[in-house]
file work.tsv (TSV, C-alpha atoms)
chain	number	residue	atom	x	y	z
A	346	MET	CA	-24.05	36.43	-22.62
A	347	LYS	CA	-23.19	32.75	-22.35
A	348	ILE	CA	-20.68	31.88	-19.63
A	349	LYS	CA	-18.19	29.28	-20.82
A	350	PRO	CA	-17.21	26.57	-18.30
A	351	GLY	CA	-13.61	27.01	-19.45
A	352	ASN	CA	-13.63	30.65	-18.36
A	353	ILE	CA	-15.05	29.80	-14.93
A	354	LEU	CA	-12.32	27.20	-14.41
A	355	PHE	CA	-9.65	29.63	-15.62
A	356	ASN	CA	-10.85	32.37	-13.24
A	357	MET	CA	-11.02	29.96	-10.31
A	358	LEU	CA	-7.51	28.73	-11.05
A	359	ALA	CA	-6.33	32.36	-11.24
A	360	VAL	CA	-7.86	33.28	-7.86
A	361	VAL	CA	-6.52	30.16	-6.12
A	362	THR	CA	-3.06	30.66	-7.64
A	363	VAL	CA	-2.87	34.33	-6.65
A	364	LEU	CA	-3.97	33.55	-3.07
A	365	ALA	CA	-1.55	30.62	-2.78
A	366	VAL	CA	1.39	32.60	-4.20
A	367	LEU	CA	0.65	35.58	-1.95
A	368	PHE	CA	0.42	33.33	1.11
A	369	VAL	CA	3.62	31.42	0.35
A	370	GLY	CA	5.47	34.62	-0.61
A	371	PHE	CA	4.31	36.37	2.57
A	372	ASN	CA	5.73	33.57	4.73
A	373	ILE	CA	8.98	33.26	2.81
A	374	PHE	CA	9.73	36.98	2.82
A	375	SER	CA	8.74	37.41	6.48
A	376	GLY	CA	11.25	34.72	7.45
A	377	ALA	CA	8.63	32.38	8.90
A	378	ARG	CA	9.09	28.66	8.68
A	379	GLY	CA	6.16	26.27	8.57
A	380	TYR	CA	5.82	22.91	10.30
A	381	ALA	CA	2.99	20.44	9.85
A	382	VAL	CA	1.49	19.33	13.16
A	383	VAL	CA	1.31	15.53	13.21
A	384	THR	CA	0.10	14.77	16.74
A	385	ASP	CA	-2.55	16.06	19.13
A	386	SER	CA	-0.28	16.67	22.11
A	387	MET	CA	-0.95	20.43	21.89
A	388	ALA	CA	-4.72	20.07	21.47
A	389	PRO	CA	-6.90	22.09	21.59
A	390	THR	CA	-4.40	24.90	20.81
A	391	LEU	CA	-2.86	23.02	17.89
A	392	ASN	CA	-4.42	19.98	16.26
A	393	ARG	CA	-3.16	17.32	13.88
A	394	GLY	CA	-3.26	18.76	10.38
A	395	ASP	CA	-2.52	22.34	11.41
A	396	VAL	CA	0.49	24.20	10.05
A	397	VAL	CA	2.36	26.22	12.63
A	398	PHE	CA	4.48	29.11	11.38
A	399	VAL	CA	7.39	30.07	13.62
A	400	LYS	CA	9.85	32.93	13.55
A	401	GLN	CA	13.32	32.96	15.02
A	402	THR	CA	13.37	34.76	18.35
A	403	GLU	CA	16.14	35.78	20.72
A	404	PHE	CA	16.30	33.34	23.64
A	405	GLU	CA	16.18	36.22	26.14
A	406	SER	CA	12.84	37.42	24.76
A	407	LEU	CA	11.10	34.07	25.27
A	408	ASN	CA	8.58	33.81	28.09
A	409	GLU	CA	6.69	31.08	29.90
A	410	GLY	CA	3.55	30.26	27.95
A	411	ASP	CA	5.15	30.87	24.56
A	412	ILE	CA	4.75	28.05	22.07
A	413	VAL	CA	8.04	27.07	20.48
A	414	THR	CA	9.22	24.61	17.87
A	415	VAL	CA	12.25	22.70	19.09
A	416	GLN	CA	14.58	20.32	17.28
A	417	PHE	CA	15.17	17.00	19.03
A	418	ALA	CA	18.63	16.79	20.58
A	419	ASP	CA	19.67	14.08	18.10
A	420	GLY	CA	18.44	16.22	15.19
A	421	SER	CA	15.92	13.58	14.14
A	422	GLY	CA	12.86	15.85	14.06
A	423	PHE	CA	10.93	18.67	15.66
A	424	PHE	CA	8.28	19.13	18.32
A	425	THR	CA	6.10	22.13	19.11
A	426	HIS	CA	5.17	22.64	22.76
A	427	LYS	CA	4.49	25.35	25.32
A	428	ILE	CA	7.28	26.68	27.55
A	429	VAL	CA	6.55	25.97	31.23
A	430	SER	CA	9.82	27.23	32.68
A	431	ILE	CA	12.95	28.99	31.48
A	432	ASP	CA	16.44	28.89	32.88
A	433	TYR	CA	17.95	32.00	31.27
A	434	PHE	CA	21.29	31.37	32.96
A	435	ALA	CA	21.67	27.83	31.62
A	436	GLY	CA	19.99	28.67	28.31
A	437	ALA	CA	17.43	25.90	28.73
A	438	ILE	CA	13.66	25.57	28.68
A	439	ARG	CA	11.20	22.98	29.96
A	440	THR	CA	8.22	22.33	27.75
A	441	LYS	CA	4.86	20.59	27.92
A	442	GLY	CA	2.08	19.73	25.50
A	443	ASP	CA	-1.32	21.16	26.45
A	444	ALA	CA	-2.87	17.71	26.18
A	445	ASN	CA	-0.08	15.95	28.04
A	446	GLU	CA	-0.31	15.34	31.77
A	447	SER	CA	3.37	15.82	32.45
A	448	GLU	CA	6.24	17.94	31.24
A	449	ASP	CA	8.44	16.70	28.44
A	450	PRO	CA	11.09	14.35	29.78
A	451	GLN	CA	14.11	16.39	28.81
A	452	PRO	CA	14.93	20.10	28.90
A	453	SER	CA	15.71	21.77	25.57
A	454	MET	CA	18.74	23.98	25.02
A	455	SER	CA	18.55	27.38	23.34
A	456	GLU	CA	20.34	26.15	20.20
A	457	GLN	CA	17.60	23.54	19.66
A	458	ILE	CA	14.85	26.18	19.51
A	459	MET	CA	13.82	26.83	15.92
A	460	GLY	CA	11.52	29.71	16.79
A	461	LYS	CA	8.44	30.97	18.51
A	462	MET	CA	4.99	30.31	17.09
A	463	TRP	CA	3.77	33.24	15.03
A	464	TYR	CA	0.43	31.88	13.89
A	465	SER	CA	-1.15	28.64	12.76
A	466	VAL	CA	-3.42	27.60	9.93
A	467	PRO	CA	-5.74	24.59	10.23
A	468	LEU	CA	-5.84	21.71	7.71
A	469	LEU	CA	-2.91	22.85	5.53
A	470	GLY	CA	-0.66	20.36	7.30
A	471	TYR	CA	-2.48	17.45	5.70
A	472	PHE	CA	-0.51	18.15	2.49
A	473	SER	CA	2.69	17.29	4.33
A	474	ILE	CA	1.12	14.45	6.37
A	475	ALA	CA	-0.24	12.80	3.22
A	476	PHE	CA	3.05	13.29	1.39
A	477	ASN	CA	5.10	11.83	4.25
A	478	GLU	CA	2.79	8.90	4.95
A	479	MET	CA	2.39	7.80	1.35
A	480	ASP	CA	4.82	5.27	-0.02
A	481	VAL	CA	6.32	5.30	-3.51
A	482	ILE	CA	3.71	2.87	-4.89
A	483	THR	CA	0.76	4.98	-3.66
A	484	LEU	CA	2.35	8.15	-5.07
A	485	SER	CA	2.94	6.40	-8.42
A	486	VAL	CA	-0.68	5.17	-8.54
A	487	ILE	CA	-2.03	8.67	-7.80
A	488	LEU	CA	0.27	10.18	-10.46
A	489	ALA	CA	-0.85	7.55	-12.98
A	490	VAL	CA	-4.55	8.20	-12.22
A	491	VAL	CA	-4.04	11.98	-12.62
A	492	LEU	CA	-2.24	11.44	-15.96
A	493	ILE	CA	-5.04	9.14	-17.18
A	494	ILE	CA	-7.70	11.72	-16.22
A	495	ILE	CA	-5.80	14.56	-17.96
A	496	THR	CA	-5.22	12.46	-21.10
A	497	GLY	CA	-8.86	11.32	-21.11
A	498	ALA	CA	-10.14	14.87	-20.71
A	499	SER	CA	-7.94	16.21	-23.54
A	500	VAL	CA	-9.02	13.35	-25.86
A	501	LEU	CA	-12.68	14.08	-25.01
A	502	VAL	CA	-12.27	17.82	-25.72
A	503	SER	CA	-10.47	17.28	-29.04
A	504	THR	CA	-13.09	14.69	-30.15
A	505	LYS	CA	-15.88	17.15	-29.33
A	506	ARG	CA	-14.10	19.91	-31.28
A	507	LYS	CA	-13.67	17.67	-34.31
A	508	ARG	CA	-17.37	16.71	-34.20
A	509	GLY	CA	-18.35	20.38	-33.77
A	510	GLY	CA	-16.19	21.29	-36.79
A	511	LYS	CA	-17.84	18.64	-38.96
A	512	ASN	CA	-21.35	19.78	-37.90
A	513	GLU	CA	-20.53	23.34	-38.88
B	1409	MET	CA	-8.82	29.43	-25.73
B	1410	SER	CA	-6.35	32.07	-26.80
B	1411	LYS	CA	-2.61	31.43	-26.78
B	1412	PHE	CA	-2.19	33.97	-23.95
B	1413	LYS	CA	-4.78	32.20	-21.82
B	1414	LYS	CA	-3.17	28.82	-22.51
B	1415	LEU	CA	0.24	30.15	-21.49
B	1416	THR	CA	-1.19	31.85	-18.39
B	1417	ALA	CA	-3.01	28.66	-17.37
B	1418	ALA	CA	0.20	26.66	-17.74
B	1419	VAL	CA	2.15	29.18	-15.63
B	1420	MET	CA	-0.59	29.23	-12.98
B	1421	ALA	CA	-0.69	25.43	-12.86
B	1422	LEU	CA	3.08	25.37	-12.41
B	1423	MET	CA	2.89	27.95	-9.61
B	1424	LEU	CA	0.12	25.99	-7.90
B	1425	VAL	CA	2.24	22.85	-8.04
B	1426	MET	CA	5.13	24.81	-6.51
B	1427	CYS	CA	2.88	26.11	-3.73
B	1428	GLY	CA	1.59	22.56	-3.14
B	1429	SER	CA	5.19	21.36	-2.93
B	1430	TYR	CA	5.94	24.12	-0.39
B	1431	PHE	CA	3.23	22.74	1.91
B	1432	SER	CA	3.96	19.08	1.16
B	1433	LEU	CA	7.66	19.40	1.97
B	1434	MET	CA	7.12	21.13	5.31
B	1435	SER	CA	8.86	19.35	8.18
B	1436	PRO	CA	6.46	17.48	10.41
B	1437	THR	CA	6.44	18.62	14.02
B	1438	THR	CA	5.55	15.90	16.46
B	1439	ALA	CA	5.64	15.85	20.21
B	1440	TRP	CA	6.39	13.67	23.16
B	1441	SER	CA	3.14	11.91	23.46
B	1442	TYR	CA	2.20	8.48	24.59
B	1443	GLN	CA	-0.59	6.27	25.76
B	1444	SER	CA	-0.37	3.85	28.62
B	1445	GLN	CA	-2.49	0.91	29.53
B	1446	ASN	CA	-2.09	-1.49	32.39
B	1447	ILE	CA	-2.46	-5.10	31.52
B	1448	SER	CA	-3.83	-7.88	33.64
B	1449	GLY	CA	-4.34	-11.54	32.90
B	1450	ALA	CA	-7.94	-10.87	31.87
B	1451	GLN	CA	-7.18	-7.83	29.76
B	1452	ASN	CA	-4.47	-8.93	27.40
B	1453	THR	CA	-4.93	-6.68	24.41
B	1454	PHE	CA	-3.57	-3.20	23.98
B	1455	VAL	CA	-4.90	-1.25	21.03
B	1456	PHE	CA	-3.75	2.32	20.62
B	1457	ALA	CA	-4.43	4.89	17.95
B	1458	ASP	CA	-3.19	8.44	17.63
B	1459	PHE	CA	-1.61	8.90	21.00
B	1460	ASP	CA	-3.89	10.20	23.65
B	1461	VAL	CA	-2.53	10.53	27.16
B	1462	ASP	CA	-5.99	10.34	28.69
B	1463	GLY	CA	-6.23	6.59	28.17
B	1464	GLU	CA	-5.36	5.23	31.60
B	1465	TYR	CA	-6.48	1.93	33.06
B	1466	SER	CA	-5.43	0.65	36.42
B	1467	VAL	CA	-5.53	-3.09	36.67
B	1468	SER	CA	-3.26	-5.26	38.76
B	1469	ASP	CA	-3.01	-8.99	38.84
B	1470	SER	CA	-1.53	-11.78	40.86
B	1471	ILE	CA	0.93	-14.28	39.49
B	1472	ARG	CA	1.11	-17.67	41.14
B	1473	PHE	CA	4.54	-19.22	40.73
B	1474	LYS	CA	5.05	-22.93	41.02
B	1475	GLY	CA	8.44	-22.37	42.58
B	1476	ALA	CA	11.50	-20.21	42.88
B	1477	THR	CA	14.49	-20.31	40.56
B	1478	ALA	CA	17.57	-18.32	39.54
B	1479	PHE	CA	18.34	-16.92	36.13
B	1480	ALA	CA	22.09	-16.59	36.68
B	1481	ASP	CA	22.53	-20.13	37.98
B	1482	GLU	CA	24.06	-22.15	35.13
B	1483	ASN	CA	23.10	-25.42	36.84
B	1484	GLU	CA	19.47	-24.45	37.30
B	1485	THR	CA	17.72	-26.56	34.68
B	1486	MET	CA	14.13	-26.03	35.77
B	1487	PHE	CA	14.04	-22.32	35.05
B	1488	ASP	CA	11.70	-22.62	32.08
B	1489	SER	CA	9.34	-24.82	34.05
B	1490	VAL	CA	8.67	-22.26	36.74
B	1491	VAL	CA	8.77	-19.11	34.68
B	1492	GLU	CA	5.33	-17.48	34.14
B	1493	VAL	CA	4.80	-15.63	30.88
B	1494	ALA	CA	2.22	-12.86	30.40
B	1495	GLU	CA	1.26	-12.39	26.77
B	1496	VAL	CA	-0.20	-9.18	25.40
B	1497	SER	CA	-1.44	-8.50	21.89
B	1498	VAL	CA	-0.56	-4.92	20.94
B	1499	THR	CA	-2.03	-3.16	17.90
B	1500	ASN	CA	-1.03	0.14	16.38
B	1501	ASP	CA	-4.37	1.43	15.11
B	1502	GLY	CA	-3.01	4.91	14.44
B	1503	GLY	CA	-1.35	6.51	11.46
B	1504	MET	CA	2.21	6.76	12.77
B	1505	PRO	CA	4.96	4.26	13.48
B	1506	ALA	CA	5.14	3.61	17.21
B	1507	ARG	CA	7.03	1.65	19.80
B	1508	VAL	CA	5.73	-0.13	22.87
B	1509	TYR	CA	7.62	-0.30	26.15
B	1510	ALA	CA	6.77	-2.41	29.18
B	1511	THR	CA	6.97	-1.26	32.78
B	1512	VAL	CA	6.48	-3.71	35.61
B	1513	LYS	CA	5.60	-2.68	39.12
B	1514	ASN	CA	6.01	-5.08	42.00
B	1515	GLU	CA	2.93	-3.98	43.95
B	1516	TYR	CA	4.04	-5.01	47.45
B	1517	GLU	CA	7.75	-4.77	46.69
B	1518	THR	CA	8.11	-8.42	47.62
B	1519	LYS	CA	11.68	-9.52	47.23
B	1520	GLY	CA	13.03	-11.70	44.47
B	1521	LEU	CA	10.63	-10.88	41.64
B	1522	ARG	CA	12.29	-10.53	38.23
B	1523	TYR	CA	10.96	-10.01	34.74
B	1524	PHE	CA	12.15	-10.03	31.14
B	1525	TYR	CA	10.37	-8.22	28.29
B	1526	PHE	CA	10.60	-9.98	24.93
B	1527	THR	CA	8.88	-11.08	21.74
B	1528	ASP	CA	8.60	-14.47	20.06
B	1529	ASP	CA	11.02	-13.55	17.29
B	1530	MET	CA	13.77	-13.32	19.94
B	1531	MET	CA	13.17	-16.87	21.19
B	1532	VAL	CA	16.07	-19.31	21.23
B	1533	ASP	CA	15.33	-23.06	21.48
B	1534	ASP	CA	11.86	-22.35	22.94
B	1535	SER	CA	13.62	-21.40	26.17
B	1536	VAL	CA	13.22	-18.11	28.04
B	1537	LYS	CA	16.54	-18.68	29.77
B	1538	ALA	CA	18.38	-19.31	26.47
B	1539	THR	CA	16.66	-16.25	24.98
B	1540	MET	CA	17.81	-14.11	27.89
B	1541	LYS	CA	21.34	-15.46	27.66
B	1542	LYS	CA	21.55	-14.54	23.98
B	1543	THR	CA	19.82	-11.15	24.40
B	1544	LEU	CA	22.00	-10.16	27.34
B	1545	ASN	CA	25.12	-11.36	25.52
B	1546	GLY	CA	25.77	-13.95	28.20
B	1547	GLU	CA	25.87	-11.33	30.94
B	1548	MET	CA	23.35	-12.85	33.34
B	1549	THR	CA	23.41	-10.06	35.89
B	1550	GLN	CA	20.76	-7.82	37.42
B	1551	THR	CA	22.46	-4.80	35.80
B	1552	ALA	CA	22.21	-6.34	32.34
B	1553	LEU	CA	18.59	-7.32	32.97
B	1554	ASP	CA	17.67	-3.79	34.12
B	1555	LYS	CA	19.47	-2.32	31.11
B	1556	HIS	CA	17.38	-4.52	28.83
B	1557	ASN	CA	14.06	-3.87	30.57
B	1558	ILE	CA	14.23	-0.18	31.45
B	1559	GLY	CA	17.56	1.11	30.11
B	1560	GLU	CA	20.37	2.77	32.01
B	1561	ASP	CA	18.31	5.93	32.53
B	1562	GLY	CA	15.14	4.10	33.57
B	1563	ASN	CA	13.23	5.71	30.69
B	1564	SER	CA	14.24	3.51	27.80
B	1565	GLY	CA	15.03	-0.21	27.48
B	1566	TYR	CA	13.70	-2.83	25.09
B	1567	TYR	CA	10.77	-1.81	22.93
B	1568	VAL	CA	8.70	-3.34	20.16
B	1569	SER	CA	8.27	-1.29	16.98
B	1570	LEU	CA	4.90	-1.30	15.24
B	1571	ASN	CA	3.98	0.22	11.90
B	1572	PRO	CA	0.48	1.65	11.43
B	1573	GLY	CA	-2.05	-1.19	11.37
B	1574	GLU	CA	0.42	-3.75	12.71
B	1575	THR	CA	-0.30	-6.19	15.55
B	1576	LYS	CA	2.36	-8.04	17.53
B	1577	LYS	CA	2.42	-10.34	20.50
B	1578	VAL	CA	4.66	-9.12	23.28
B	1579	LYS	CA	5.59	-11.13	26.33
B	1580	VAL	CA	6.83	-10.56	29.85
B	1581	ALA	CA	8.43	-13.50	31.62
B	1582	PHE	CA	8.30	-13.50	35.43
B	1583	TRP	CA	10.17	-15.57	37.95
B	1584	VAL	CA	11.30	-15.43	41.56
B	1585	GLU	CA	14.92	-15.66	42.62
B	1586	TYR	CA	15.29	-18.46	45.18
B	1587	ASP	CA	17.99	-16.77	47.24
B	1588	GLU	CA	16.03	-13.54	47.61
B	1589	CYS	CA	12.41	-14.42	48.13
B	1590	GLY	CA	12.88	-15.10	51.83
B	1591	ILE	CA	10.77	-18.23	51.95
B	1592	ASP	CA	12.49	-21.07	53.74
B	1593	PHE	CA	11.42	-23.87	51.48
B	1594	ALA	CA	12.48	-21.87	48.45
B	1595	PHE	CA	16.14	-21.74	49.41
B	1596	SER	CA	17.05	-24.37	46.92
B	1597	GLU	CA	17.08	-24.71	43.20
B	1598	SER	CA	13.58	-24.54	41.76
B	1599	ALA	CA	11.92	-25.10	45.07
B	1600	TRP	CA	8.45	-26.35	44.29
B	1601	ALA	CA	6.04	-24.31	46.29
B	1602	THR	CA	3.27	-21.87	45.55
B	1603	ILE	CA	4.26	-18.23	45.77
B	1604	ASP	CA	1.88	-15.39	44.89
B	1605	TYR	CA	3.14	-12.04	43.71
B	1606	LYS	CA	1.03	-9.03	42.87
B	1607	VAL	CA	2.32	-7.27	39.77
B	1608	ASN	CA	1.21	-4.47	37.54
B	1609	ILE	CA	2.30	-4.39	33.93
B	1610	THR	CA	2.00	-1.12	32.05
B	1611	MET	CA	2.34	-1.07	28.31
B	1612	THR	CA	3.27	2.33	26.95
B	1613	ALA	CA	3.01	3.27	23.30
B	1614	THR	CA	5.10	6.22	22.25
B	1615	GLN	CA	6.20	7.83	19.05
B	1616	ASP	CA	8.96	5.88	17.34
B	1617	ILE	CA	11.66	8.13	18.73
B	1618	ASP	CA	14.02	8.12	21.70
B	1619	GLY	CA	13.15	10.08	24.81
B	1620	ALA	CA	9.36	9.99	24.61
B	1621	LEU	CA	8.89	7.71	27.61
B	1622	VAL	CA	8.74	8.86	31.21
B	1623	ARG	CA	8.56	6.10	33.78
call {"tool": "encode", "arguments": {"input": "work.tsv", "output": "structure tokens"}}
result
Amino acid sequence: MKIKPGNILFNMLAVVTVLAVLFVGFNIFSGARGYAVVTDSMAPTLNRGDVVFVKQTEFESLNEGDIVTVQFADGSGFFTHKIVSIDYFAGAIRTKGDANESEDPQPSMSEQIMGKMWYSVPLLGYFSIAFNEMDVITLSVILAVVLIIITGASVLVSTKRKRGGKNE
Amino acid sequence: MSKFKKLTAAVMALMLVMCGSYFSLMSPTTAWSYQSQNISGAQNTFVFADFDVDGEYSVSDSIRFKGATAFADENETMFDSVVEVAEVSVTNDGGMPARVYATVKNEYETKGLRYFYFTDDMMVDDSVKATMKKTLNGEMTQTALDKHNIGEDGNSGYYVSLNPGETKKVKVAFWVEYDECGIDFAFSESAWATIDYKVNITMTATQDIDGALVR
């Protein structure tokens, strides 16, 4: 039985799609939120390019050593660091990156905490890093190249078919 | 390829694009991270990449002033002649926008030493004094100078922003206040005498966000 390259591609696409959909669905329905790690301040626990999935947790159930994602006080972004001390009375935590020599300069309040790290996946964060670091021109060029490749491939396939038809 | 397969492939491609978008649109999580490097006269370049707090160098240097002066004295015309300027070339070799702060340590805590952190694009009439006057909005006081250099909290102040791959020249102007340095012959305007001060300049590259610096 001759295996057609088209079938192999179709099956590969099917497997990748099913895995991707299951993974995304699992995270969405479990209430986890993903963040792409951009810096190495938590290395070797978390490295640049990892995706860290966090789940909302009651402040009272947090402990020293937990890794949490925190929103900056001015709302401009997020950081993910390890808790080094907790003031349950004041509702504040002090955090530190594993690779940093000192604690973070400011304490974080409970309302800034987005959640506690559930698990992390390496490399997936590069999707977000690439997307965020690319400018409009680069994105347009990539899109144009992809369109050219798709158009070229479809022209090639149809030409082959036509030739095949004539031969028959 | 059957019609069913074609339709399925199109749906799968769409779902893959949606999954790709899910990962691409994830919020980036960064952290307070920074790299510091002390600069001396001999070592006047600061190249940093993705921030790594292990990069520490400890180099101090002496500055020999030709005389003392006073930045708040309107009648002091020789200020720019006695001011000593340290120039550092800073390069962001990493993949993220960054900012560079300067911290100056007066090694022996000798009295009267002042400094002003600036870049060439701030210069007014090629004069450090005129540049300071404009930058400090005419408020030539120690408080205004400290606010510019290190901020009200001591962990902020003036910084130079650098995009990935960008290089800029940053400068620190030093001078000695004549009514504070405690040297007899310097108790006059721009007293011409040699005065040595040992200083340590630390350049700190942080993420381009407030609060990342700890002095």
call {"tool": "interface_residues", "arguments": {"input": "work.tsv", "of": "chain A", "to": "chain B", "cutoff": "9 Å", "atoms": "all atoms listed in the file", "output": "MDAnalysis selection string"}}
result
chainID A and resid 351:352 355 358:359 361:363 365:366 369 378:387 396:397 414:416 419 421:426 441:442 444:447 449:451 469:478
call {"tool": "closest_residue", "arguments": {"input": "work.tsv", "among": "B:Met1548, B:Leu1415, B:Met1530, B:Val1498", "to": "Asp1481 of chain B", "atoms": "all atoms listed in the file"}}
result
B:Met1548
call {"tool": "residues_around", "arguments": {"input": "work.tsv", "residues": "Trp1583 of chain B", "least_positions_apart": "5", "cutoff": "8 Å", "atoms": "all atoms listed in the file", "output": "number ranges by chain"}}
result
B: 1473, 1476-1477, 1490-1492, 1521-1523
call {"tool": "closest_residue", "arguments": {"input": "work.tsv", "among": "A:Gly436, A:Gly460, A:Gly376, A:Pro452", "to": "Thr402 of chain A", "atoms": "all atoms listed in the file"}}
result
A:Gly460
call {"tool": "atom_distance", "arguments": {"input": "work.tsv", "atom1": "atom CA of Glu1517 of chain B", "atom2": "atom CA of Thr1485 of chain B"}}
result
26.8 Å
call {"tool": "closest_residue", "arguments": {"input": "work.tsv", "among": "A:Val360, A:Ile373, A:Leu354, A:Ile412", "to": "Ser465 of chain A", "atoms": "only C-alpha atoms"}}
result
A:Ile412
call {"tool": "closest_residue", "arguments": {"input": "work.tsv", "among": "A:Met459, A:Ile353, A:Ile487, A:Leu364", "to": "Gly420 of chain A", "atoms": "all atoms listed in the file"}}
result
A:Met459
call {"tool": "atom_distance", "arguments": {"input": "work.tsv", "atom1": "atom CA of Glu1495 of chain B", "atom2": "atom CA of Gly1573 of chain B"}}
result
19.3 Å
call {"tool": "atom_distance", "arguments": {"input": "work.tsv", "atom1": "atom CA of Phe1454 of chain B", "atom2": "atom CA of Val1496 of chain B"}}
result
7.0 Å
